[in-house]
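File shown here: entry23.txt, holding compact mmCIF, C-alpha atoms.
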```txt
# COMPACT_ATOMS: atom_id res chain seq x y z
CA MET A 20 56.16 -6.32 35.91
CA ARG A 21 54.14 -5.22 32.90
CA ALA A 22 52.04 -2.82 34.98
CA GLY A 23 55.18 -1.28 36.44
CA VAL A 24 56.78 -0.78 33.05
CA ILE A 25 53.62 0.79 31.60
CA ALA A 26 53.21 3.01 34.65
CA ALA A 27 56.80 4.25 34.44
CA TYR A 28 56.52 4.77 30.70
CA VAL A 29 53.30 6.82 30.82
CA LEU A 30 54.58 8.94 33.70
CA LEU A 31 57.79 9.62 31.81
CA ALA A 32 55.87 10.49 28.64
CA GLU A 33 53.47 12.81 30.45
CA TRP A 34 56.12 14.60 32.50
CA THR A 35 58.35 15.02 29.46
CA ARG A 36 55.44 16.48 27.55
CA ALA A 37 54.64 18.88 30.38
CA LEU A 38 58.25 20.03 30.68
CA PHE A 39 58.89 20.56 26.98
CA SER A 40 55.52 21.92 25.87
CA SER A 41 56.28 25.32 27.40
CA ALA A 42 59.25 25.89 25.10
CA PRO A 43 58.55 28.57 22.47
CA HIS A 44 56.73 27.17 19.41
CA ALA A 45 57.12 23.64 20.80
CA ALA A 46 53.67 23.15 22.28
CA ALA A 47 51.91 21.65 19.24
CA PRO A 48 54.64 19.22 18.14
CA VAL A 49 55.38 18.18 21.72
CA LEU A 50 51.69 17.50 22.35
CA VAL A 51 51.36 15.43 19.20
CA LEU A 52 54.53 13.45 19.96
CA GLY A 53 53.40 12.97 23.55
CA GLY A 54 50.00 11.72 22.44
CA VAL A 55 51.56 9.29 19.97
CA ALA A 56 53.99 8.06 22.63
CA LEU A 57 51.10 7.38 24.98
CA ALA A 58 49.07 5.62 22.27
CA MET A 59 51.99 3.25 21.70
CA THR A 60 51.10 1.57 24.99
CA ALA A 61 48.32 -0.11 23.01
CA ILE A 62 50.87 -2.30 21.25
CA GLY A 63 50.27 -5.91 22.18
CA TRP A 64 46.73 -5.40 23.46
CA GLY A 65 43.71 -6.56 21.54
CA PRO A 66 40.97 -3.96 20.92
CA ALA A 67 38.40 -5.82 23.01
CA ARG A 68 40.82 -6.15 25.94
CA MET A 69 41.32 -2.38 25.79
CA GLY A 70 37.59 -1.75 25.87
CA LEU A 71 37.60 -0.82 22.20
CA GLY A 72 35.16 -3.42 20.94
CA THR A 73 32.55 -2.50 18.37
CA SER A 74 29.41 -3.86 20.00
CA HIS A 75 26.77 -1.36 21.14
CA MET A 76 28.67 1.41 19.39
CA ALA A 77 25.71 3.81 19.40
CA LEU A 78 25.45 3.50 23.17
CA ARG A 79 29.17 4.01 23.58
CA ILE A 80 29.04 7.21 21.51
CA VAL A 81 26.05 8.53 23.43
CA GLY A 82 27.85 7.60 26.64
CA GLY A 83 30.88 9.56 25.49
CA CYS A 84 28.72 12.62 24.88
CA ALA A 85 27.21 12.20 28.34
CA LEU A 86 30.68 12.01 29.88
CA ALA A 87 31.64 15.17 27.99
CA VAL A 88 28.62 16.94 29.44
CA VAL A 89 29.65 15.95 32.95
CA LEU A 90 33.30 16.94 32.42
CA LEU A 91 32.36 20.33 30.97
CA LEU A 92 29.45 21.13 33.24
CA PRO A 93 31.43 23.09 35.88
CA ALA A 94 33.03 25.25 33.18
CA ALA A 95 29.88 25.66 31.10
CA THR A 96 27.82 26.87 34.02
CA ARG A 97 30.40 29.56 34.68
CA ALA A 98 30.70 31.23 31.30
CA GLY A 99 33.86 33.25 31.14
CA ALA A 100 35.42 31.30 33.98
CA ALA A 101 37.14 28.74 31.83
CA PRO A 102 40.34 28.69 29.84
CA LEU A 103 39.94 28.85 26.10
CA LEU A 104 42.00 26.43 24.12
CA PRO A 105 43.64 28.27 21.25
CA LEU A 106 42.45 26.96 17.86
CA TRP A 107 45.92 25.88 16.80
CA LEU A 108 46.02 23.46 19.73
CA ALA A 109 42.84 21.65 18.65
CA LEU A 110 44.47 18.82 16.71
CA PRO A 111 47.22 18.27 19.31
CA ALA A 112 44.50 18.23 21.97
CA VAL A 113 42.67 15.45 20.15
CA VAL A 114 45.86 13.41 19.78
CA VAL A 115 46.78 13.84 23.44
CA SER A 116 43.34 13.00 24.76
CA ILE A 117 43.15 9.81 22.68
CA GLY A 118 46.69 8.89 23.72
CA GLU A 119 45.94 9.47 27.39
CA GLU A 120 42.81 7.33 27.33
CA ILE A 121 44.60 4.51 25.56
CA ALA A 122 47.47 4.70 28.04
CA PHE A 123 45.61 5.20 31.33
CA ARG A 124 42.19 3.60 30.90
CA GLY A 125 43.39 1.17 28.23
CA ALA A 126 46.82 -0.37 28.70
CA LEU A 127 47.55 0.67 32.28
CA TYR A 128 44.03 -0.22 33.42
CA GLY A 129 44.31 -3.61 31.74
CA ALA A 130 47.71 -4.36 33.25
CA LEU A 131 46.57 -3.35 36.74
CA GLU A 132 43.39 -5.36 36.37
CA ASP A 133 45.44 -8.43 35.52
CA LEU A 134 47.55 -7.74 38.59
CA GLY A 135 44.93 -7.01 41.22
CA GLY A 136 41.47 -6.90 39.72
CA ALA A 137 39.12 -4.01 39.07
CA PRO A 138 39.68 -2.10 42.33
CA LEU A 139 43.43 -1.87 41.72
CA ALA A 140 42.82 -0.98 38.08
CA VAL A 141 40.41 1.86 38.93
CA LEU A 142 42.36 3.29 41.86
CA GLY A 143 45.80 2.66 40.42
CA SER A 144 45.08 4.21 37.03
CA THR A 145 43.47 7.20 38.77
CA ALA A 146 46.47 7.70 41.04
CA LEU A 147 48.92 7.55 38.16
CA TRP A 148 46.71 9.80 36.04
CA THR A 149 46.78 12.37 38.82
CA ALA A 150 50.54 12.06 39.29
CA ALA A 151 51.03 12.41 35.56
CA HIS A 152 49.31 15.81 35.66
CA ALA A 153 51.29 17.08 38.64
CA LEU A 154 53.71 19.06 36.49
CA SER A 155 51.12 20.59 34.21
CA HIS A 156 48.59 21.68 36.83
CA PRO A 157 48.78 23.83 39.93
CA PRO A 158 48.20 21.75 43.09
CA GLU A 159 44.72 23.15 43.71
CA PHE A 160 43.53 21.63 40.41
CA LEU A 161 44.80 18.13 41.06
CA LEU A 162 41.75 17.08 43.03
CA ALA A 163 39.57 17.88 40.03
CA VAL A 164 42.00 15.97 37.82
CA ALA A 165 41.79 12.98 40.17
CA ALA A 166 37.99 13.14 40.23
CA ALA A 167 37.88 13.20 36.43
CA GLY A 168 40.26 10.23 36.29
CA LEU A 169 38.15 8.33 38.78
CA LEU A 170 34.99 9.00 36.78
CA LEU A 171 36.56 7.83 33.53
CA ALA A 172 38.07 4.75 35.19
CA ILE A 173 34.77 3.77 36.80
CA TRP A 174 33.10 4.08 33.42
CA ARG A 175 35.80 1.87 31.95
CA TRP A 176 35.08 -0.72 34.64
CA ALA A 177 31.30 -0.43 34.74
CA CYS A 178 30.80 -0.54 30.98
CA ASN A 179 33.97 -2.34 29.90
CA ASP A 180 34.29 0.49 27.44
CA LEU A 181 37.04 2.88 26.37
CA VAL A 182 35.20 4.50 23.46
CA ALA A 183 33.07 6.74 25.67
CA PRO A 184 36.01 7.96 27.81
CA ILE A 185 37.89 8.79 24.61
CA ILE A 186 34.94 10.76 23.23
CA GLY A 187 34.32 12.55 26.52
CA HIS A 188 38.00 13.36 26.97
CA VAL A 189 38.33 14.67 23.39
CA PHE A 190 35.33 16.97 23.82
CA ALA A 191 36.64 18.22 27.16
CA ASP A 192 40.12 18.89 25.80
CA LEU A 193 38.78 20.66 22.72
CA ALA A 194 36.78 22.98 24.92
CA LEU A 195 39.33 23.59 27.65
CA MET B 240 22.92 -1.67 39.88
CA THR B 241 26.15 -1.37 41.86
CA ARG B 242 27.97 -0.21 38.76
CA ALA B 243 25.34 2.41 38.01
CA ALA B 244 25.42 3.60 41.61
CA LEU B 245 29.21 3.89 41.57
CA LEU B 246 29.07 5.77 38.28
CA ALA B 247 26.51 8.17 39.71
CA ALA B 248 28.68 8.66 42.79
CA ALA B 249 31.70 9.37 40.57
CA VAL B 250 29.71 11.94 38.60
CA ILE B 251 28.57 13.70 41.77
CA THR B 252 32.09 13.60 43.20
CA TYR B 253 33.59 15.07 40.04
CA VAL B 254 31.05 17.87 39.70
CA SER B 255 31.40 18.75 43.39
CA VAL B 256 35.19 18.78 43.33
CA ALA B 257 35.49 20.51 39.96
CA TRP B 258 33.02 23.18 41.01
CA ALA B 259 35.44 24.26 43.74
CA VAL B 260 38.13 25.27 41.24
CA ALA B 261 37.43 27.28 38.12
CA PRO B 262 37.07 25.92 35.50
CA GLY B 263 37.11 22.34 36.72
CA PHE B 264 38.99 19.65 34.88
CA TYR B 265 41.23 20.69 32.05
CA ASP B 266 44.08 18.80 30.57
CA GLY B 267 46.85 21.30 31.10
CA PHE B 268 48.43 21.89 27.73
CA ALA B 269 50.66 24.46 29.32
CA PRO B 270 52.05 24.66 32.82
CA GLN B 271 49.42 26.77 34.47
CA GLN B 272 50.72 29.11 37.07
CA PRO B 273 47.95 31.06 38.76
CA TYR B 274 47.75 34.58 37.43
CA ASN B 275 48.44 37.36 39.89
CA TRP B 276 45.75 39.99 39.57
CA VAL B 277 45.51 43.61 40.53
CA CYS B 278 41.74 43.25 40.27
CA PRO B 279 40.92 39.52 40.40
CA PRO B 280 37.75 38.18 38.76
CA PHE B 281 35.02 37.36 41.24
CA HIS B 282 35.58 33.61 40.98
CA VAL B 283 39.32 33.73 41.72
CA ALA B 284 40.31 32.88 45.27
CA GLY B 285 43.71 33.17 46.91
CA ASN B 286 45.01 35.88 44.63
CA LEU B 287 48.55 37.20 45.08
CA ALA B 288 49.64 40.70 44.14
CA PRO B 289 51.40 40.90 40.76
CA SER B 290 55.10 41.63 40.64
CA SER B 291 57.07 44.48 39.17
CA GLY B 292 60.25 44.14 37.16
CA HIS B 293 63.44 46.11 36.67
CA LEU B 294 66.35 45.74 34.28
CA ASP B 295 69.54 47.69 33.70
CA ILE B 296 70.72 47.25 30.15
CA LYS B 297 74.39 47.84 29.50
CA VAL B 298 75.56 50.20 26.80
CA ILE B 299 78.67 48.74 25.19
CA GLY B 300 80.53 50.73 22.55
CA GLY B 301 77.65 53.15 22.20
CA VAL B 302 75.13 50.37 21.57
CA SER B 303 72.59 49.07 24.06
CA ASP B 304 72.95 45.36 24.73
CA ALA B 305 70.30 42.77 23.88
CA ASN B 306 68.32 41.82 26.96
CA SER B 307 64.86 41.10 28.34
CA ALA B 308 63.02 42.85 31.12
CA PHE B 309 60.41 40.83 32.97
CA THR B 310 58.28 40.89 36.05
CA ASP B 311 59.27 38.52 38.84
CA ASP B 312 56.11 36.47 38.31
CA GLY B 313 56.82 36.17 34.58
CA GLN B 314 53.54 37.77 33.54
CA VAL B 315 55.27 40.35 31.34
CA VAL B 316 58.43 39.96 29.28
CA VAL B 317 59.88 42.70 27.08
CA GLY B 318 62.70 41.73 24.77
CA PHE B 319 65.14 44.27 23.35
CA LEU B 320 67.41 43.81 20.34
CA PRO B 321 70.98 45.13 20.32
CA GLY B 322 70.86 48.87 19.70
CA ALA B 323 67.18 49.08 20.60
CA PHE B 324 67.63 52.35 22.50
CA ASP B 325 68.81 55.85 21.70
CA VAL B 326 71.73 55.78 24.15
CA SER B 327 73.08 59.32 23.72
CA GLY B 328 75.26 60.06 26.75
CA LYS B 329 74.25 56.94 28.68
CA THR B 330 76.20 54.01 30.02
CA SER B 331 73.15 51.96 30.91
CA ILE B 332 69.41 52.01 30.34
CA ALA B 333 66.94 51.37 33.16
CA VAL B 334 63.70 49.62 32.26
CA ASP B 335 60.83 49.30 34.73
CA ILE B 336 57.59 47.32 34.56
CA LYS B 337 54.87 48.04 37.09
CA PRO B 338 51.32 46.73 37.39
CA VAL B 339 48.82 49.59 37.28
CA ASP B 340 46.60 50.08 40.31
CA PRO B 341 43.72 50.96 40.18
CA CYS B 342 42.79 48.88 37.15
CA PRO B 343 41.90 50.89 34.06
CA LYS B 344 38.41 50.08 32.80
CA PRO B 345 38.11 51.77 29.42
CA ALA B 346 34.64 51.93 27.91
CA GLY B 347 34.14 49.45 25.09
CA LEU B 348 37.10 47.25 25.99
CA THR B 349 37.51 44.20 28.19
CA PHE B 350 40.96 43.67 29.64
CA VAL B 351 41.84 40.10 30.60
CA THR B 352 45.28 40.93 31.99
CA ASN B 353 46.54 43.51 34.39
CA ALA B 354 47.53 46.79 32.82
CA TYR B 355 51.26 47.40 33.06
CA LEU B 356 53.24 50.60 32.89
CA ILE B 357 56.51 49.99 31.07
CA THR B 358 59.05 52.80 31.21
CA ALA B 359 62.72 53.34 30.33
CA ASP B 360 65.04 56.26 30.69
CA ALA B 361 65.84 56.29 26.98
CA PRO B 362 63.57 56.16 23.94
CA LEU B 363 63.36 53.16 21.65
CA VAL B 364 64.81 53.27 18.16
CA LYS B 365 64.01 49.65 17.38
CA PRO B 366 60.73 47.92 18.28
CA ALA B 367 60.71 45.79 21.41
CA ASN B 368 58.94 42.46 21.64
CA LEU B 369 56.26 42.39 24.34
CA VAL B 370 54.81 39.15 25.73
CA LEU B 371 51.91 39.18 28.16
CA ARG B 372 50.79 36.02 29.91
CA TYR B 373 47.08 35.72 30.54
CA SER B 374 45.13 33.65 32.98
CA ASP B 375 43.65 30.27 32.23
CA VAL B 376 40.41 31.31 33.89
CA VAL B 377 39.46 34.10 31.51
CA PRO B 378 38.66 34.26 27.80
CA ALA B 379 41.73 34.61 25.62
CA PRO B 380 42.54 38.16 24.49
CA SER B 381 42.50 39.07 20.83
CA THR B 382 44.93 41.98 20.92
CA VAL B 383 47.24 44.11 23.04
CA TYR B 384 46.16 47.65 23.86
CA TYR B 385 48.44 50.63 24.39
CA ALA B 386 47.85 53.98 26.04
CA ALA B 387 50.15 56.87 26.85
CA ASP B 388 48.09 57.52 29.98
CA ALA B 389 46.19 55.10 32.21
CA ALA B 390 43.03 57.10 31.61
CA GLY B 391 43.34 56.42 27.89
CA PRO B 392 42.67 56.53 25.07
CA TRP B 393 43.60 52.88 24.57
CA THR B 394 44.45 51.71 21.07
CA SER B 395 45.03 48.23 19.71
CA ILE B 396 48.60 47.50 18.66
CA GLY B 397 47.80 44.01 17.42
CA ALA B 398 49.05 40.57 18.35
CA GLY B 399 51.46 38.16 16.72
CA SER B 400 51.19 34.41 16.45
CA GLU B 401 50.96 32.68 19.78
CA ALA B 402 54.43 31.38 20.66
CA GLN B 403 53.27 29.66 23.84
CA PRO B 404 49.85 28.73 25.16
CA PHE B 405 48.17 31.41 27.23
CA THR B 406 50.47 34.18 26.09
CA ILE B 407 49.92 37.03 23.67
CA ASN B 408 52.76 38.90 22.05
CA THR B 409 53.22 42.04 20.03
CA ARG B 410 55.83 44.63 19.11
CA THR B 411 56.00 48.15 20.36
CA SER B 412 58.16 51.13 19.49
CA LYS B 413 57.16 53.25 22.47
CA PHE B 414 56.73 52.86 26.19
CA GLY B 415 53.58 53.46 28.16
CA TYR B 416 50.62 51.46 29.42
CA PHE B 417 49.88 47.99 28.03
CA ALA B 418 47.10 45.46 28.61
CA ALA B 419 45.66 42.52 26.68
CA GLY B 420 41.96 42.18 26.00
CA TYR B 421 39.26 42.35 23.40
CA PRO B 422 36.44 44.69 22.39
CA ALA B 423 33.61 44.46 24.93
CA GLY B 424 30.53 42.64 23.75
CA ARG B 425 32.41 40.41 21.35
CA VAL B 426 33.34 36.79 21.81
CA SER B 427 37.09 36.54 22.21
CA SER B 428 38.73 35.46 18.98
CA GLY B 429 41.48 33.67 20.84
CA GLY B 430 39.51 30.56 21.68
CA ILE B 431 36.95 28.19 20.30
CA ARG B 432 34.29 29.12 22.78
CA GLY B 433 33.43 31.73 25.34
CA GLN B 434 29.70 31.94 25.04
CA ILE B 435 29.91 28.93 22.77
CA LEU B 436 30.68 26.41 25.51
CA PRO B 437 27.36 26.63 27.36
CA ILE B 438 25.52 26.30 24.04
CA ALA B 439 27.66 23.34 23.00
CA VAL B 440 27.06 21.58 26.31
CA ALA B 441 23.32 22.24 26.05
CA LEU B 442 23.33 20.75 22.55
CA LEU B 443 25.24 17.73 23.85
CA ILE B 444 22.65 17.24 26.58
CA VAL B 445 19.83 17.40 24.03
CA GLY B 446 21.73 14.98 21.79
CA VAL B 447 22.32 12.53 24.63
CA LEU B 448 18.65 12.61 25.59
CA LEU B 449 17.35 12.34 22.03
CA ALA B 450 19.67 9.47 21.17
CA GLY B 451 20.06 7.83 24.56
CA ILE B 452 16.44 7.35 25.57
CA PRO B 453 15.36 5.55 22.38
CA LEU B 454 18.55 3.48 22.48
CA ALA B 455 17.94 2.49 26.07
CA ILE B 456 14.30 1.58 25.37
CA LEU B 457 15.30 -0.38 22.29
CA ARG B 458 17.97 -2.23 24.21
CA ARG B 459 15.61 -3.20 26.99
CA ARG B 460 13.11 -4.56 24.47
CA GLN B 461 15.68 -6.68 22.74
CA ALA B 462 17.08 -9.80 24.22
CA ALA B 463 20.63 -8.95 25.18
CA PRO B 464 22.98 -10.74 22.76
CA PRO B 465 25.98 -12.56 24.19
CA ASP B 466 28.65 -10.02 24.94
CA ASP B 467 31.81 -10.40 22.96
CA GLU B 468 33.88 -8.53 25.49
CA GLY B 469 33.35 -10.09 28.84
CA PRO B 470 30.92 -9.42 31.63
CA GLY B 471 30.79 -5.65 31.52
CA GLU B 472 29.05 -4.64 28.33
CA PRO B 473 28.30 -0.95 27.76
CA GLU B 474 25.51 0.26 29.97
CA PRO B 475 25.58 4.03 29.64
```
Let me see the structure of the file written as structure tokens.
Amino acid sequence: MRAGVIAAYVLLAEWTRALFSSAPHAAAPVLVLGGVALAMTAIGWGPARMGLGTSHMALRIVGGCALAVVLLLPAATRAGAAPLLPLWLALPAVVVSIGEEIAFRGALYGALEDLGGAPLAVLGSTALWTAAHALSHPPEFLLAVAAAGLLLAIWRWACNDLVAPIIGHVFADLAL
Amino acid sequence: MTRAALLAAAVITYVSVAWAVAPGFYDGFAPQQPYNWVCPPFHVAGNLAPSSGHLDIKVIGGVSDANSAFTDDGQVVVGFLPGAFDVSGKTSIAVDIKPVDPCPKPAGLTFVTNAYLITADAPLVKPANLVLRYSDVVPAPSTVYYAADAAGPWTSIGAGSEAQPFTINTRTSKFGYFAAGYPAGRVSSGGIRGQILPIAVALLIVGVLLAGIPLAILRRRQAAPPDDEGPGEPEP
């Protein structure tokens, strides 16, 4: 029940954000509101349960930088072949990326893990993450979106950590 | 070991899949419709030809109506205020937008959009608002260029604040050739990287190695303390 409600809520938040962010002058406020709406899924979850514990923080931060390297590698090795995020979207990008990690690899992952264990949590959160980006990405990009979601979800499972996915996602969104 | 192997497999999968589509994963802050190029960049596959646009603007009571001309693929939009045209003796104004083929390649400039020829059968008396969409697989342009002839000379007519992601807008009081771009040899001012991204990623790699190796060695030397978060403690 809880997993279904969270899944429906994050899909609704993401699709609403995608639909309204193309309105003139609406992109930044819509992104910030969307990110905050996603982050609200953290309500009722303890930090440790979300993977937001404070132990081994240095390793988590280094891991986040490593994830950022992996996420940005295809773009970085093809200079000039990547979109450039306009500067005025930097803060909204940070808010959205944190919100998405909290929603998908935090709350949704946790709810799915309670429901069916780690395999359901990894695959389910990846599937919903991909579906959530269906309106904001052309179809040919969705496989890359799914692969990124899978990578971040496997990290979440393997390291019981959400700090590194947040850091990696923020770096990736700031660059692209 | 299984976790590390799965992580490694996920990394390889991501890099392989993301390599197939430029630029790889991005978070889609704007609905990204593939750009239709006259002369596509080398890394763009499956390009479609860009569209033209046509608009007939009514003249009501001796004043041209407010309206917008656009290409069918939405890559160019030109907005006209009421009374934007000198309508002497006309009952309607025809506006045409056509992508320019072959692509102009002026020395000293880099165009990141198609060049478009925008014409009308009456001159402007009020500036029109011009919006050009640009691709998400090229550096952002810093300005819009204008030329009376495709061969040039091309001059910058500036750019306004960005109303939507991946668009650049400006105002023009004359028709002719338009394209968005930036001076060749400079990093585009429209984004936070360009040449910066490869350097930033290289610095991140160095940082991960410099910090990660000592941390990993230190962690192996220490007796692992009881984890406060369950079985899967961070093992980057």
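You can rank A:Leu127, A:Ile25, A:Ala87, A:Met20 by their closest distance to B:Ile444 using only C-alpha atoms, and at the top of that list sits A:Ala87.
A straight line drawn from atom CA of A:Leu50 to atom CA of A:Val114 is 7.6 Å long.
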Residues within 10 Å of A:Trp148, all atoms listed in the file, excluding chain neighbours under 2 positions, as a list of chain:residue names:
A:Ala26, A:Val29, A:Leu30, A:Glu33, A:Glu119, A:Glu120, A:Ala122, A:Phe123, A:Arg124, A:Leu127, A:Leu142, A:Gly143, A:Ser144, A:Thr145, A:Ala146, A:Ala150, A:Ala151, A:His152, A:Ala153, A:Leu161, A:Val164, A:Ala165, A:Ala167, A:Gly168, A:Leu169
Please tabulate, as a tab-separated table, the residues of stretch 256-358 of chain B that come within 10 Å of stretch 365-372 of chain B, each with its closest pair of atoms and the distance in Å to one decimal, counting only C-alpha atoms and ordering rows by chain, then residue number upward.
```
residue	atom	partner	partner_atom	distance
B:Gln272	CA	B:Arg372	CA	10.0
B:Tyr274	CA	B:Arg372	CA	8.2
B:Ser307	CA	B:Asn368	CA	9.0
B:Ala308	CA	B:Leu369	CA	9.6
B:Phe309	CA	B:Val370	CA	9.3
B:Asp312	CA	B:Arg372	CA	10.0
B:Gly313	CA	B:Arg372	CA	7.6
B:Gln314	CA	B:Arg372	CA	4.9
B:Val315	CA	B:Leu371	CA	4.8
B:Val316	CA	B:Val370	CA	5.1
B:Val317	CA	B:Leu369	CA	4.6
B:Gly318	CA	B:Asn368	CA	4.9
B:Phe319	CA	B:Ala367	CA	5.1
B:Leu320	CA	B:Ala367	CA	7.1
B:Pro321	CA	B:Lys365	CA	8.8
B:Gly322	CA	B:Lys365	CA	7.3
B:Ala323	CA	B:Lys365	CA	4.6
B:Phe324	CA	B:Lys365	CA	6.8
B:Asp325	CA	B:Lys365	CA	9.0
B:Val351	CA	B:Arg372	CA	9.9
B:Thr352	CA	B:Arg372	CA	7.7
B:Asn353	CA	B:Leu371	CA	9.3
B:Ala354	CA	B:Leu371	CA	9.9
B:Tyr355	CA	B:Leu371	CA	9.6
```
Gap from atom CA of A:Pro184 to atom CA of B:Pro273 - Å, one decimal
28.2 Å
Mind giving me the straight-line distance from atom CA of A:Phe39 to atom CA of B:His293 in Å, one decimal?
27.7 Å
Of A:Val81, A:Leu139, A:Ile117, A:Ile185, the one nearest to chain B when counting all atoms listed in the file is A:Val81
Nearby residues (all atoms listed in the file) at most 8 Å from A:Ser116, same-chain spacing under 6 positions excluded, as a short mmCIF file (atom, residue, chain, number, x, y, z; two decimals) with C-alpha atoms, in the frame of the given file:
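Generated file (selection.cif):
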```cif
data_model
loop_
_atom_site.label_atom_id
_atom_site.label_comp_id
_atom_site.auth_asym_id
_atom_site.auth_seq_id
_atom_site.Cartn_x
_atom_site.Cartn_y
_atom_site.Cartn_z
CA GLY A 54 50.00 11.72 22.44
CA ILE A 185 37.89 8.79 24.61
CA HIS A 188 38.00 13.36 26.97
CA VAL A 189 38.33 14.67 23.39
CA ASP A 192 40.12 18.89 25.80
#
```
The residue from B:Ala379, B:Val334, B:Ile396, B:Ala288 with the smallest atom-to-atom distance to chain A, counting only C-alpha atoms, is B:Ala379
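Using all atoms listed in the file, the smallest distance between any of A:Val182, A:Ala112, A:Val55, A:Cys84 and A:Gly70 comes from A:Val182.
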Measuring between only C-alpha atoms, which one of B:Ala390, B:Ala419, B:Ile299, B:Ala259 shows the shortest distance to chain A?
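Of B:Ala390, B:Ala419, B:Ile299, B:Ala259, the one nearest chain A is B:Ala259, counting only C-alpha atoms.
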